[in-house]
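Note sheet for the following structure.
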Amino acid sequence: MIFPVINDVKHRPFCGPTAISVLTGVPISRAEKMLRRARNDWMLKQYNERIKPNAKIRSTYTSEVVSVLKRLGCKVKSVEITENTFHKFVDDMRHVGTF
């Protein structure tokens, strides 16, 4: 199910928190808070330090988004692509000519 985005932040939200909001229905502020927590968990393991408490969440890794989705109770499963999809697209479009 796709939910409407609840934009309760003053800045323009970025794609990671917006995607979490669309998939779960939580406000963007909560998605950002949970992404900060996921990022802090990783930062503490790697560098023994934290990010700033109100740092904007700009770039998100797939693993961070998946971690937050799982914490929010979403069932996440990986999809394995067995063929080169761009190559398949080019093969399918050969009849058009050079593009």
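How things are named: the first chain in the structure tokens is A, the next is B, and so on; residues count from 1 in each chain; ligands count from 1 in the order shown.
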Review point. Running DSSP on the backbone, which parts of chain A land in helix (DSSP H, G or I), as a ChimeraX atom specification?
Key: /A:15-24,28-47,62-71,85-92,94-96
Exercise for review: Please identify all polymer residues within 12 Å of region 1-14 of chain A, counting only C-alpha atoms, omitting same-chain residues fewer than 3 positions from it, and present them as JSON, numbers by chain.
Suggested key: {"A": [17, 18, 19, 20, 21, 22, 23, 24, 25, 26, 27, 28, 29, 30, 31, 32, 33, 35, 54, 55, 56, 57, 58, 59, 60, 74]}
Check your understanding: Hey, can you check how far CA of Lys45 (chain A) sits from CA of Val65 (chain A)?
Key ->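 Spanning CA of Lys45 (chain A) to CA of Val65 (chain A) is a straight-line distance of 18.1 Å.
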Exercise for review: Could you check how far CA of Lys88 (chain A) sits from CA of Ser63 (chain A), in Å to one decimal?
Suggested key: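 Pair CA of Lys88 (chain A) / CA of Ser63 (chain A) returns 27.2 Å.
CA of Arg71 (chain A) to CA of Gly16 (chain A) spans 14.9 Å [interatomic distance, one decimal].
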Point to revise | Using only C-alpha atoms: which of A:Glu49, A:Glu64, A:Asp91, A:Glu80 has the shortest distance to Met34 (chain A) | key: A:Glu64
